[in-house]
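J.: Input structure: structure-v5.txt, which contains compact mmCIF, C-alpha atoms.
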# COMPACT_ATOMS: atom_id res chain seq x y z
CA MET A 918 25.26 38.76 11.31
CA SER A 919 23.20 41.34 13.24
CA LYS A 920 20.06 40.42 15.14
CA GLU A 921 17.97 42.57 12.78
CA VAL A 922 19.26 40.73 9.72
CA THR A 923 18.67 37.37 11.39
CA ASN A 924 15.12 38.31 12.32
CA LYS A 925 14.40 39.51 8.78
CA ALA A 926 15.75 36.25 7.30
CA GLU A 927 13.58 34.20 9.66
CA LEU A 928 10.55 36.31 8.80
CA ASP A 929 11.20 35.95 5.06
CA TYR A 930 11.51 32.19 5.49
CA ALA A 931 8.23 31.99 7.41
CA VAL A 932 6.43 34.10 4.81
CA ASN A 933 7.78 31.99 1.94
CA PHE A 934 6.83 28.79 3.76
CA VAL A 935 3.24 29.83 4.49
CA THR A 936 2.77 31.35 1.02
CA ALA A 937 3.96 28.13 -0.65
CA LEU A 938 1.64 25.96 1.44
CA ARG A 939 -1.34 28.24 0.84
CA SER A 940 -0.70 28.21 -2.90
CA LEU A 941 -0.52 24.41 -2.91
CA GLU A 942 -3.76 24.11 -0.97
CA GLU A 943 -5.57 26.45 -3.37
CA ASN A 944 -4.26 24.80 -6.53
CA LEU A 945 -4.70 21.17 -5.44
CA ARG A 946 -7.99 21.42 -3.58
CA ASP A 947 -10.05 19.56 -6.20
CA LEU A 948 -7.31 17.53 -7.88
CA GLU A 949 -7.30 13.71 -7.67
CA ASN A 950 -4.77 12.80 -10.39
CA PRO A 951 -1.59 11.57 -8.60
CA GLN A 952 0.70 12.51 -11.51
CA VAL A 953 -0.57 16.11 -11.56
CA ILE A 954 -0.35 16.37 -7.77
CA ILE A 955 3.28 15.18 -7.73
CA SER A 956 4.23 17.61 -10.50
CA SER A 957 2.57 20.45 -8.59
CA PHE A 958 4.51 19.62 -5.44
CA LEU A 959 7.81 19.46 -7.32
CA LYS A 960 7.07 22.81 -8.91
CA ALA A 961 6.38 24.22 -5.45
CA ALA A 962 9.71 22.85 -4.19
CA THR A 963 11.56 24.43 -7.11
CA GLU A 964 9.95 27.81 -6.40
CA PHE A 965 10.39 27.67 -2.61
CA TYR A 966 14.10 26.90 -2.84
CA ASP A 967 14.62 28.94 -6.03
CA ALA A 968 16.20 25.78 -7.42
CA ASP A 969 16.90 24.65 -10.97
CA ARG A 970 14.90 21.46 -10.69
CA ALA A 971 13.05 19.18 -8.27
CA TYR A 972 12.74 15.43 -8.73
CA VAL A 973 11.78 12.06 -7.30
CA ILE A 974 14.37 9.27 -7.27
CA GLU A 975 12.79 5.89 -6.51
CA ALA A 976 14.76 2.86 -5.35
CA ASP A 977 14.10 -0.77 -6.22
CA TRP A 978 15.96 -2.95 -3.72
CA ASN A 979 15.17 -6.19 -5.54
CA GLU A 980 16.77 -4.95 -8.76
CA ASN A 981 19.46 -2.86 -7.00
CA ILE A 982 18.62 0.19 -9.10
CA ALA A 983 17.34 3.73 -8.64
CA MET A 984 15.68 5.92 -11.23
CA ASN A 985 14.29 9.40 -11.75
CA THR A 986 10.52 8.91 -12.02
CA HIS A 987 9.24 12.50 -11.74
CA GLU A 988 10.87 15.86 -12.41
CA TRP A 989 10.07 19.57 -12.64
CA CYS A 990 12.49 22.16 -14.08
CA LYS A 991 12.27 25.91 -14.21
CA ASP A 992 12.42 27.62 -17.59
CA GLY A 993 15.71 27.15 -19.40
CA ILE A 994 16.83 24.11 -17.35
CA GLU A 995 17.23 20.78 -19.13
CA TYR A 996 15.21 17.79 -17.90
CA GLN A 997 17.34 14.82 -16.85
CA ASN A 998 14.83 12.08 -16.12
CA GLU A 999 15.59 10.16 -19.32
CA GLN A 1000 19.30 10.10 -18.48
CA LEU A 1001 18.89 9.17 -14.81
CA GLN A 1002 17.52 5.66 -15.20
CA TYR A 1003 18.88 2.38 -13.85
CA LEU A 1004 21.42 3.86 -11.46
CA GLU A 1005 23.23 1.11 -9.55
CA ILE A 1006 22.34 1.56 -5.85
CA SER A 1007 25.62 -0.07 -4.83
CA ASP A 1008 27.48 2.86 -6.42
CA TYR A 1009 25.83 5.32 -4.02
CA SER A 1010 26.55 3.84 -0.60
CA ARG A 1011 26.18 7.17 1.24
CA TRP A 1012 22.71 7.65 -0.20
CA TYR A 1013 21.71 4.07 0.56
CA SER A 1014 22.79 4.56 4.19
CA ALA A 1015 20.94 7.88 4.46
CA LEU A 1016 17.74 6.32 3.13
CA LYS A 1017 17.96 3.44 5.59
CA LYS A 1018 18.57 5.88 8.47
CA ASN A 1019 15.91 8.33 7.19
CA GLN A 1020 18.46 11.16 7.06
CA PRO A 1021 18.39 14.13 4.63
CA MET A 1022 21.34 14.68 2.28
CA ILE A 1023 22.58 18.27 2.05
CA ILE A 1024 25.50 19.12 -0.23
CA SER A 1025 26.26 22.84 -0.04
CA ASN A 1026 29.18 22.68 -2.48
CA VAL A 1027 29.83 19.76 -4.81
CA GLU A 1028 33.50 20.80 -5.09
CA LEU A 1029 33.98 19.56 -1.52
CA LEU A 1030 33.31 16.00 -2.73
CA LEU A 1031 36.32 15.93 -5.05
CA GLU A 1032 38.84 14.67 -2.50
CA ASP A 1033 36.77 12.10 -0.57
CA ASN A 1034 34.09 11.05 -3.06
CA ALA A 1035 35.32 11.48 -6.62
CA PHE A 1036 32.58 9.26 -8.04
CA GLU A 1037 29.77 11.49 -6.74
CA TYR A 1038 31.72 14.60 -7.72
CA GLU A 1039 32.01 13.44 -11.34
CA PHE A 1040 28.37 12.39 -11.40
CA PHE A 1041 26.98 15.70 -10.14
CA THR A 1042 29.29 17.95 -12.15
CA LYS A 1043 28.36 16.01 -15.30
CA PHE A 1044 24.78 17.17 -14.82
CA GLY A 1045 25.60 20.71 -13.75
CA VAL A 1046 24.76 20.26 -10.08
CA HIS A 1047 26.65 22.59 -7.73
CA SER A 1048 24.59 22.01 -4.58
CA LEU A 1049 21.50 20.06 -3.54
CA ILE A 1050 19.08 19.04 -0.81
CA ALA A 1051 17.41 15.62 -0.80
CA VAL A 1052 15.13 13.98 1.77
CA PRO A 1053 14.29 10.28 2.00
CA PHE A 1054 10.84 8.71 1.93
CA SER A 1055 9.78 5.14 2.59
CA LYS A 1056 6.24 3.87 2.94
CA ARG A 1057 4.80 0.54 1.81
CA LEU A 1058 5.31 0.35 -1.97
CA SER A 1059 7.65 3.32 -2.44
CA GLN A 1060 11.07 4.41 -1.21
CA GLY A 1061 13.68 6.85 -2.43
CA PHE A 1062 14.52 10.57 -2.31
CA ILE A 1063 12.87 13.87 -3.19
CA GLY A 1064 15.45 16.51 -4.01
CA VAL A 1065 16.20 19.93 -5.45
CA ASP A 1066 19.32 20.91 -7.40
CA ASN A 1067 21.16 24.21 -6.99
CA PRO A 1068 18.89 25.83 -4.37
CA LYS A 1069 19.60 29.55 -4.14
CA ARG A 1070 17.77 30.07 -0.86
CA HIS A 1071 17.06 27.98 2.26
CA GLY A 1072 19.80 25.65 1.01
CA ALA A 1073 20.53 24.21 4.44
CA ASP A 1074 16.93 23.62 5.53
CA PRO A 1075 15.15 20.44 4.31
CA THR A 1076 11.93 21.12 6.28
CA PHE A 1077 9.78 22.07 3.30
CA LEU A 1078 10.95 19.03 1.33
CA LEU A 1079 10.24 16.75 4.31
CA LEU A 1080 6.69 18.03 4.39
CA LEU A 1081 6.21 17.50 0.67
CA ALA A 1082 7.68 13.99 0.89
CA CYS A 1083 4.89 12.87 3.23
CA VAL A 1084 2.31 13.68 0.55
CA ILE A 1085 4.30 12.64 -2.50
CA VAL A 1086 4.93 9.11 -1.18
CA GLN A 1087 1.17 8.66 -0.79
CA GLU A 1088 0.64 9.67 -4.40
CA LEU A 1089 3.43 7.35 -5.59
CA ASN A 1090 1.71 4.48 -3.81
CA GLU A 1091 -1.58 5.46 -5.41
CA ILE A 1092 0.02 5.28 -8.88
CA LYS A 1093 1.42 1.82 -8.14
CA LEU A 1094 -1.90 0.57 -6.79
CA ASP A 1095 -3.69 1.84 -9.90
CA LYS A 1096 -1.17 0.05 -12.12
CA ARG A 1097 -1.50 -3.19 -10.17
CA LEU A 1098 -5.28 -3.15 -10.35
CA SER A 1099 -5.28 -2.23 -14.02
CA ALA A 1100 -2.82 -5.00 -14.82
CA ALA A 1101 -4.79 -7.55 -12.83
CA THR A 1102 -8.08 -6.52 -14.39
CA LEU A 1103 -6.57 -6.63 -17.88
CA ALA A 1104 -4.99 -10.02 -17.20
CA LEU A 1105 -8.31 -11.46 -16.08
CA LYS A 1106 -10.12 -9.90 -19.02
CA GLU A 1107 -7.66 -10.91 -21.74
CA ASN A 1108 -6.81 -14.27 -20.27
CA PRO A 1109 -9.88 -15.65 -18.48
CA LYS A 1110 -8.11 -19.01 -18.26
CA GLY A 1111 -5.08 -17.54 -16.48
CA ILE A 1112 -3.92 -18.56 -13.00
CA TYR A 1113 -6.06 -17.19 -10.22
CA ILE A 1114 -5.66 -18.27 -6.58
CA SER A 1115 -8.49 -17.51 -4.19
CA CYS A 1116 -7.99 -17.65 -0.41
CA PHE A 1117 -11.17 -16.02 0.90
CA GLY A 1118 -13.74 -18.58 1.99
CA GLY A 1119 -11.30 -21.40 1.23
CA LEU A 1120 -8.47 -22.22 -1.14
CA SER A 1121 -9.14 -22.64 -4.84
CA VAL A 1122 -6.94 -22.46 -7.93
CA ARG A 1123 -8.12 -21.70 -11.44
CA GLY A 1124 -5.67 -23.01 -13.99
CA ILE A 1125 -5.27 -23.50 -17.70
CA GLU A 1126 -7.41 -26.63 -17.80
CA GLY A 1127 -9.84 -26.23 -14.93
CA VAL A 1128 -10.33 -25.44 -11.24
CA LEU A 1129 -9.19 -27.10 -8.02
CA SER A 1130 -11.52 -26.32 -5.14
CA GLU A 1131 -11.05 -26.57 -1.38
CA ASP A 1132 -12.10 -30.22 -1.27
CA ASP A 1133 -9.67 -31.23 -4.01
CA PHE A 1134 -6.71 -30.63 -1.71
CA THR A 1135 -6.90 -33.82 0.34
CA SER A 1136 -3.34 -33.47 1.71
CA ALA A 1137 -3.16 -30.99 4.57
CA GLN A 1138 0.56 -30.51 3.92
CA CYS A 1139 0.10 -29.66 0.23
CA TYR A 1140 -2.78 -27.35 1.10
CA THR A 1141 -0.72 -25.50 3.72
CA MET A 1142 2.31 -25.10 1.46
CA LEU A 1143 0.30 -23.65 -1.43
CA ALA A 1144 -1.75 -21.40 0.86
CA TYR A 1145 1.38 -19.96 2.48
CA LEU A 1146 3.15 -19.29 -0.82
CA ALA A 1147 0.01 -17.60 -2.15
CA LEU A 1148 -0.23 -15.28 0.86
CA ILE A 1149 3.30 -13.98 1.33
CA ASP A 1150 4.34 -10.89 -0.60
CA ASN A 1151 6.99 -12.36 -2.90
CA HIS A 1152 5.43 -15.87 -3.03
CA ARG A 1153 8.83 -17.32 -2.04
CA ALA A 1154 10.12 -19.22 1.03
CA THR A 1155 13.07 -21.41 2.02
CA PRO A 1156 12.59 -25.11 2.83
CA SER A 1157 13.34 -24.50 6.52
CA ARG A 1158 10.68 -21.78 6.68
CA LEU A 1159 8.13 -23.94 4.87
CA ALA A 1160 8.87 -26.84 7.20
CA ARG A 1161 8.05 -24.67 10.22
CA ILE A 1162 4.79 -23.61 8.55
CA ILE A 1163 3.69 -27.07 7.37
CA TRP A 1164 4.66 -28.91 10.56
CA SER A 1165 4.04 -26.17 13.10
CA ASP A 1166 3.84 -28.61 16.04
CA GLU A 1167 6.73 -30.86 15.01
CA CYS A 1168 10.50 -30.73 14.71
CA ILE A 1169 11.61 -31.96 11.28
CA ASP A 1170 15.09 -33.51 11.12
CA ASN A 1171 15.56 -32.98 7.38
CA PRO A 1172 13.38 -30.04 6.23
CA ASN A 1173 14.86 -30.01 2.70
CA ARG A 1174 13.81 -33.59 2.00
CA ALA A 1175 10.46 -33.27 3.78
CA VAL A 1176 9.44 -30.13 1.87
CA ARG A 1177 10.72 -31.57 -1.42
CA ASN A 1178 8.33 -34.50 -0.96
CA VAL A 1179 5.40 -32.18 -0.26
CA ALA A 1180 6.28 -30.04 -3.29
CA ALA A 1181 6.33 -33.14 -5.52
CA ARG A 1182 2.89 -34.22 -4.29
CA LEU A 1183 1.57 -30.67 -4.72
CA ARG A 1184 2.82 -30.55 -8.33
CA THR A 1185 1.00 -33.84 -8.99
CA CYS A 1186 -2.19 -32.33 -7.61
CA LEU A 1187 -1.80 -29.17 -9.70
CA LYS A 1188 -1.02 -31.14 -12.86
CA VAL A 1189 -4.72 -32.04 -13.09
CA ILE A 1190 -5.39 -28.45 -14.20
CA GLY A 1191 -2.17 -28.03 -16.18
CA LEU A 1192 -0.23 -26.21 -13.44
CA ASP A 1193 2.49 -28.68 -12.50
CA PHE A 1194 5.06 -25.93 -13.22
CA LEU A 1195 3.44 -23.49 -10.77
CA ILE A 1196 5.72 -24.65 -7.92
CA ILE A 1197 9.38 -24.03 -8.74
CA TYR A 1198 12.66 -24.36 -6.82
CA ASP A 1199 15.59 -22.04 -7.47
CA ASN A 1200 18.32 -20.30 -5.47
CA GLY A 1201 17.52 -22.33 -2.37
CA SER A 1202 13.82 -21.41 -2.19
CA TYR A 1203 10.43 -22.62 -3.34
CA SER A 1204 8.17 -20.11 -5.05
CA LEU A 1205 5.12 -19.70 -7.22
CA ASN A 1206 6.04 -19.29 -10.88
CA GLN A 1207 5.05 -15.67 -11.51
CA SER A 1208 5.94 -15.89 -15.19
CA MET A 1209 2.66 -17.78 -15.55
CA GLY A 1210 0.61 -14.63 -14.86
CA LEU A 1211 -0.40 -15.26 -11.25
CA ILE A 1212 -3.20 -13.24 -9.63
CA THR A 1213 -4.50 -13.69 -6.06
CA ASP A 1214 -7.74 -12.45 -4.56
CA VAL A 1215 -5.97 -11.24 -1.40
CA ASN A 1216 -3.68 -8.89 -3.37
CA LEU A 1217 -6.59 -7.49 -5.35
CA PHE A 1218 -8.66 -7.06 -2.18
CA GLU A 1219 -5.88 -5.29 -0.30
CA ASN A 1220 -5.19 -2.90 -3.17
CA LEU A 1221 -8.88 -2.00 -3.43
CA CYS A 1222 -9.10 -1.38 0.32
CA LEU A 1223 -6.01 0.85 0.26
CA ARG A 1224 -7.43 2.88 -2.62
CA MET A 1225 -10.72 3.24 -0.78
CA LYS A 1226 -8.90 4.70 2.22
CA GLN A 1227 -7.12 7.21 0.04
CA THR A 1228 -10.15 8.66 -1.77
CA ASP A 1229 -12.55 11.24 -0.38
CA SER A 1230 -15.03 10.77 -3.22
CA ALA A 1231 -18.21 9.00 -2.09
CA GLU A 1232 -18.86 7.86 -5.66
CA GLU A 1233 -15.39 6.34 -5.92
CA LYS A 1234 -15.83 4.63 -2.54
CA TYR A 1235 -19.02 2.96 -3.81
CA LYS A 1236 -17.25 1.61 -6.90
CA LEU A 1237 -14.25 0.33 -4.97
CA TYR A 1238 -16.47 -1.25 -2.32
CA GLU A 1239 -18.52 -3.14 -4.89
CA SER A 1240 -15.33 -4.50 -6.48
CA ALA A 1241 -13.77 -5.48 -3.15
CA ILE A 1242 -16.84 -7.10 -1.63
CA GLU A 1243 -17.15 -9.43 -4.61
CA LEU A 1244 -13.74 -10.84 -3.66
CA PHE A 1245 -14.48 -11.37 0.03
CA THR A 1246 -16.51 -14.57 -0.03
CA GLY A 1247 -15.67 -15.50 3.57
CA ASP A 1248 -12.86 -15.36 6.10
CA LEU A 1249 -9.36 -16.20 4.95
CA LEU A 1250 -8.59 -19.92 4.69
CA PRO A 1251 -11.02 -21.18 7.38
CA ARG A 1252 -9.42 -24.62 7.15
CA LEU A 1253 -6.26 -23.12 8.69
CA SER A 1254 -7.98 -21.00 11.34
CA ASP A 1255 -6.25 -22.95 14.16
CA ASN A 1256 -2.79 -22.83 12.56
CA ILE A 1257 -0.78 -20.31 14.59
CA ASN A 1258 1.24 -19.30 11.51
CA PHE A 1259 -1.88 -18.16 9.64
CA ILE A 1260 -3.79 -16.48 12.49
CA PRO A 1261 -2.07 -13.07 11.97
CA ASN A 1262 -3.06 -13.08 8.27
CA ILE A 1263 -6.61 -14.23 9.04
CA THR A 1264 -6.98 -11.46 11.64
CA TYR A 1265 -5.41 -8.88 9.32
CA TYR A 1266 -7.77 -9.52 6.41
CA HIS A 1267 -10.81 -9.81 8.65
CA GLY A 1268 -9.93 -6.43 10.15
CA MET A 1269 -9.44 -5.03 6.65
CA PHE A 1270 -12.89 -6.33 5.71
CA VAL A 1271 -14.49 -4.57 8.71
CA GLU A 1272 -12.61 -1.36 7.84
CA LEU A 1273 -13.84 -1.66 4.27
CA ILE A 1274 -17.46 -1.90 5.47
CA THR A 1275 -16.89 0.96 7.91
CA SER A 1276 -15.53 3.30 5.25
CA TYR A 1277 -18.34 2.43 2.86
CA VAL A 1278 -21.10 2.79 5.47
CA GLU A 1279 -19.77 6.13 6.71
CA ALA A 1280 -19.78 7.40 3.11
CA CYS A 1281 -23.36 6.15 2.66
CA LEU A 1282 -24.50 7.76 5.91
CA SER A 1283 -23.01 11.11 4.93
CA GLU A 1284 -24.86 10.93 1.60
CA GLY A 1285 -28.13 9.61 3.06
CA GLN A 1286 -27.77 6.32 1.12
CA TYR A 1287 -29.26 4.21 3.92
CA ILE A 1288 -30.49 1.30 1.81
CA TYR A 1289 -27.04 0.58 0.35
CA ALA A 1290 -25.42 0.88 3.77
CA HIS A 1291 -28.06 -1.40 5.32
CA ARG A 1292 -27.40 -4.10 2.74
CA ALA A 1293 -23.62 -3.88 3.27
CA VAL A 1294 -23.90 -4.19 7.05
CA LYS A 1295 -26.30 -7.12 6.84
CA GLU A 1296 -23.90 -8.96 4.52
CA ALA A 1297 -20.95 -8.24 6.81
CA LEU A 1298 -22.82 -9.49 9.88
CA THR A 1299 -23.18 -12.92 8.27
CA PHE A 1300 -19.39 -13.20 8.63
CA ASP A 1301 -19.10 -11.50 12.03
CA PRO A 1302 -22.47 -11.43 13.89
CA TYR A 1303 -20.94 -10.27 17.21
CA ASN A 1304 -19.05 -7.29 15.83
CA GLY A 1305 -20.10 -4.29 17.92
CA ARG A 1306 -19.33 -1.70 15.26
CA LEU A 1307 -21.43 -3.47 12.64
CA ASN A 1308 -24.32 -3.89 15.08
CA MET A 1309 -24.06 -0.19 15.96
CA TYR A 1310 -24.37 0.73 12.29
CA LEU A 1311 -27.39 -1.53 11.82
CA ILE A 1312 -29.18 -0.01 14.81
CA ILE A 1313 -28.59 3.49 13.42
CA LEU A 1314 -29.72 2.47 9.93
CA ILE A 1315 -32.87 0.73 11.20
CA TYR A 1316 -33.68 3.82 13.26
CA LYS A 1317 -33.30 6.13 10.27
CA GLN A 1318 -35.38 3.91 7.99
CA SER A 1319 -37.95 2.21 10.22
CA GLY A 1320 -38.11 4.29 13.37
CA VAL A 1321 -37.74 3.73 17.09
CA GLY A 1322 -39.65 0.47 17.60
CA THR A 1323 -37.69 -1.80 15.26
CA ALA A 1324 -34.38 -0.18 16.19
CA LYS A 1325 -35.12 -0.70 19.90
CA SER A 1326 -35.88 -4.36 19.32
CA TYR A 1327 -32.61 -4.94 17.47
CA TYR A 1328 -30.71 -2.99 20.10
CA MET A 1329 -32.06 -5.21 22.91
CA ASN A 1330 -30.83 -8.31 21.05
CA THR A 1331 -27.32 -6.97 20.38
CA LYS A 1332 -26.54 -4.55 23.22
CA ASP A 1333 -24.04 -6.96 24.80
CA THR A 1334 -21.79 -6.57 21.74
CA LEU A 1335 -21.63 -2.76 22.02
CA SER A 1336 -18.86 -0.70 23.63
CA ASP A 1337 -19.45 2.53 25.55
CA GLU A 1338 -18.17 4.51 22.56
CA GLN A 1339 -20.62 2.74 20.25
CA LEU A 1340 -23.50 3.33 22.66
CA TYR A 1341 -22.63 7.02 22.70
CA ARG A 1342 -22.66 7.14 18.89
CA ILE A 1343 -26.11 5.50 18.86
CA GLN A 1344 -27.42 8.08 21.33
CA ILE A 1345 -26.16 10.93 19.14
CA GLU A 1346 -27.54 9.46 15.89
CA CYS A 1347 -30.80 8.16 17.38
CA PRO A 1348 -31.95 10.77 19.93
CA ALA A 1349 -35.46 9.30 20.33
CA LEU A 1350 -34.10 5.82 21.08
CA MET A 1351 -34.04 5.40 24.86
CA LEU A 1352 -31.23 2.97 25.67
CA GLY A 1353 -31.51 0.82 28.74
Any chance you could give the structure as structure tokens?
T.:
Amino acid sequence: MSKEVTNKAELDYAVNFVTALRSLEENLRDLENPQVIISSFLKAATEFYDADRAYVIEADWNENIAMNTHEWCKDGIEYQNEQLQYLEISDYSRWYSALKKNQPMIISNVELLLEDNAFEYEFFTKFGVHSLIAVPFSKRLSQGFIGVDNPKRHGADPTFLLLLACVIVQELNEIKLDKRLSAATLALKENPKGIYISCFGGLSVRGIEGVLSEDDFTSAQCYTMLAYLALIDNHRATPSRLARIIWSDECIDNPNRAVRNVAARLRTCLKVIGLDFLIIYDNGSYSLNQSMGLITDVNLFENLCLRMKQTDSAEEKYKLYESAIELFTGDLLPRLSDNINFIPNITYYHGMFVELITSYVEACLSEGQYIYAHRAVKEALTFDPYNGRLNMYLIILIYKQSGVGTAKSYYMNTKDTLSDEQLYRIQIECPALMLG
């Protein structure tokens, strides 16, 4: 291939790339619906590669399945999303490996698979696929591939798909967070006597027949076991793991028997409110019985905080903040604040709380909503009075509402908590306030 032809191909590619990105930016500028955004990105991928279709294949490791969750086809091409459901991940070992290694899959000619991978060959030819590009994504709640079938240009270059994947995975997570919050809200609304475990400000459990509060858990071992199972993602742990959590400073000779005794006492405690079947043992692990409709305040709080980070709408931030702050009634499990196994979680949620306040206050400041921001910072300082960032915000808010004198007085009382960066921010926001 001559140099002139190569240069023209590179120029055409660059023009197509920039044009596609500019079109996306113009069309999606004011959109907030994740489903519409994903469809728009898949359409852009189809057009950029001149492909028959673009799609999202999501993987569920727990169920060992993959499924087509989103798809865009050009005119005259049949949609396949209804047929591509519940694909056994174990049947696609190459794809599983590529996802784990974060490597794109490029098949320039499906016929080349016939000799070494007859299963994939039969699968792709069945659906009229002659070539494809697919790139992996994996972030928090979502993992899988974004791909295009039968690309007629740029068929060896996954760059554009890689760029789209970074955005699409964020939107997939947003969809899942919305579903989680909707399900939790509906569960609480339709079943006000359902199971609700609260960990902020202390452990409490609302069951079918009443509530167990912090003081009702007289056994430290039962308290620790329930608190740990409520906090971890899948609410499941082996006896050996639970033994290390419950007896963090001891070596237990027979963890199975020791944890079994604690579980029995915990069930007796929970039976008072009709929840003796909340703690179950199966497949070598103890877990919380999720068939009983379990909801925890920490999961709701984290989902709200993640959604607040992802929205640019000040109005939406206000709504999400109000919902989240109702859940945060104090630091996580203060009774376990000296247990080394819980300190990372306590620190994590406290940091998330400060970030929540920060995001909300910044939105209020940009909109001139000083009263709402002032109230939020004052409430947060009751939990963390020596937090420099919160004190910085309060100085700025007092200055904007009450003037130099009151702001100066508060500054003198809190200046030891402030970093150089925070002092600089105060000087920019409060030019008449002479710091010393």
J.: Which residues come within 9 Å of Gln1020 of chain A, counting all atoms listed in the file, excluding same-chain residues fewer than 4 positions away, as a list of chain:residue names?
T.: A:Ser1014, A:Ala1015, A:Leu1016, A:Val1052, A:Pro1053
J.: So which residues touch segment 952-959 of chain A within 8 Å, counting only C-alpha atoms, skipping near sequence neighbours fewer than 3 positions away, as number ranges by chain?
T.: A: 941, 945, 948-949, 962-963, 971-972, 987-989, 1081, 1085, 1088, 1092
J.: Determine, counting only C-alpha atoms, which protein, DNA and RNA residues have an atom within 10 Å of an atom of Asn1262 of chain A; residues of the same chain fewer than 6 positions away are not included. Present the result as an MDAnalysis selection string.
T.: chainID A and resid 1148:1149 1249:1250 1254 1268
J.: What's the 12 Å shell around Thr1185 of chain A, counting all atoms listed in the file, without same-chain residues fewer than 6 positions away, as a PyMOL selection string?
T.: chain A and resi 1134+1136+1139+1178-1179+1191-1196
J.: Between A:Asp1150, A:Glu1346, A:Asp1214, A:Glu927, single out the one closest to Leu1120 of chain A, counting only C-alpha atoms.
T.: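 That would be A:Asp1214, the residue with the smallest distance to Leu1120 of chain A.
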J.: Neighbouring residues of Val1122 of chain A were defined as those with any atom within 12 Å, considering only C-alpha atoms; residues of the same chain fewer than 2 positions away were excluded. Please report them as a VMD selection string.
T.: chain A and resid 1110 to 1117 1119 to 1120 1124 to 1134 1140 1143 to 1144 1147 1186 to 1192 1195 1211 to 1214
J.: For atom CA of Ser1025 of chain A and atom CA of Val935 of chain A, determine how far apart the two atoms are, in Å to one decimal place.
T.: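 That distance, rounded to one decimal, is 24.5 Å.
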J.: Calculate how many Å separate atom CA of Pro1261 of chain A from atom CA of Glu1296 of chain A, rounding to one decimal.
T.: 23.4 Å
J.: Record the distance separating atom CA of Gly1247 of chain A and atom CA of Leu1146 of chain A, expressed in Å with one decimal.
T.: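 Between atom CA of Gly1247 of chain A and atom CA of Leu1146 of chain A the gap works out to 19.7 Å.
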J.: Nearest residue to Phe1044 of chain A out of A:Leu1029, A:Leu1001, A:Leu1350, A:Ala931, using all atoms listed in the file?
T.: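 The shortest atom-to-atom distance to Phe1044 of chain A comes from A:Leu1001.
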J.: Nearest to Ala961 of chain A: which of A:Thr986, A:Asn1171, A:Gln1227, A:Asn933 is it, counting only C-alpha atoms?
T.: A:Asn933
J.: Let me make sure I understand: among A:Gly1118, A:Pro1172, A:Glu1239, A:Glu1232, which one has the smallest atom-to-atom distance to Ile1263 of chain A if we use only C-alpha atoms?
T.: A:Gly1118
J.: Using all atoms listed in the file, can you tell me which of A:Glu1091, A:Tyr1009, A:Ile982, A:Asn1151 comes closest to Leu1221 of chain A?
T.: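 That would be A:Glu1091, the residue with the smallest distance to Leu1221 of chain A.
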J.: For a quick check of understanding, using only C-alpha atoms, which of A:Ile1162, A:Ala1082, A:Leu1352, A:Leu928 has the smallest distance to Ile1257 of chain A?
T.: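 Under the stated criterion, the closest residue is A:Ile1162.
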J.: Edge lengths and centre in Å to one decimal, as lines of an AutoDock Vina configuration file, is what I'm after for the box along x, y and z that holds all listed atoms of segment 1004-1020 of chain A once 4 Å is added on each side.
T.:
center_x = 21.7
center_y = 5.5
center_z = -1.5
size_x = 19.6
size_y = 19.2
size_z = 27.9
J.: With segment 1274-1287 of chain A as the partner and 12 Å as the cut-off, tabulate the residues of segment 1127-1230 of chain A that qualify, each row holding the nearest pair of atoms and their distance in Å to one decimal, using only C-alpha atoms, sorted by chain and rising number, as a Markdown table.
T.:
| residue | atom | partner | partner_atom | distance |
| --- | --- | --- | --- | --- |
| A:Cys1222 | CA | A:Ser1276 | CA | 9.4 |
| A:Leu1223 | CA | A:Ser1276 | CA | 11.0 |
| A:Arg1224 | CA | A:Ser1276 | CA | 11.3 |
| A:Met1225 | CA | A:Ser1276 | CA | 7.7 |
| A:Lys1226 | CA | A:Ser1276 | CA | 7.4 |
| A:Gln1227 | CA | A:Ser1276 | CA | 10.6 |
| A:Thr1228 | CA | A:Ser1276 | CA | 10.3 |
| A:Asp1229 | CA | A:Ala1280 | CA | 8.9 |
| A:Ser1230 | CA | A:Ala1280 | CA | 8.6 |
J.: Let me see the file: selected residues, C-alpha atoms, as a compact mmCIF listing (two decimals), keeping the file's coordinate frame.
T.:
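Now in result18.txt:
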# COMPACT_ATOMS: atom_id res chain seq x y z
CA CYS A 1222 -9.10 -1.38 0.32
CA LEU A 1223 -6.01 0.85 0.26
CA ARG A 1224 -7.43 2.88 -2.62
CA MET A 1225 -10.72 3.24 -0.78
CA LYS A 1226 -8.90 4.70 2.22
CA GLN A 1227 -7.12 7.21 0.04
CA THR A 1228 -10.15 8.66 -1.77
CA ASP A 1229 -12.55 11.24 -0.38
CA SER A 1230 -15.03 10.77 -3.22
J.: Taking (7.2, 9.0, 5.6) in the file's coordinates, which residues come within 10 Å, counting all atoms listed in the file, written as a PyMOL selection string?
T.: chain A and resi 1019+1053-1057+1059-1060+1079-1087
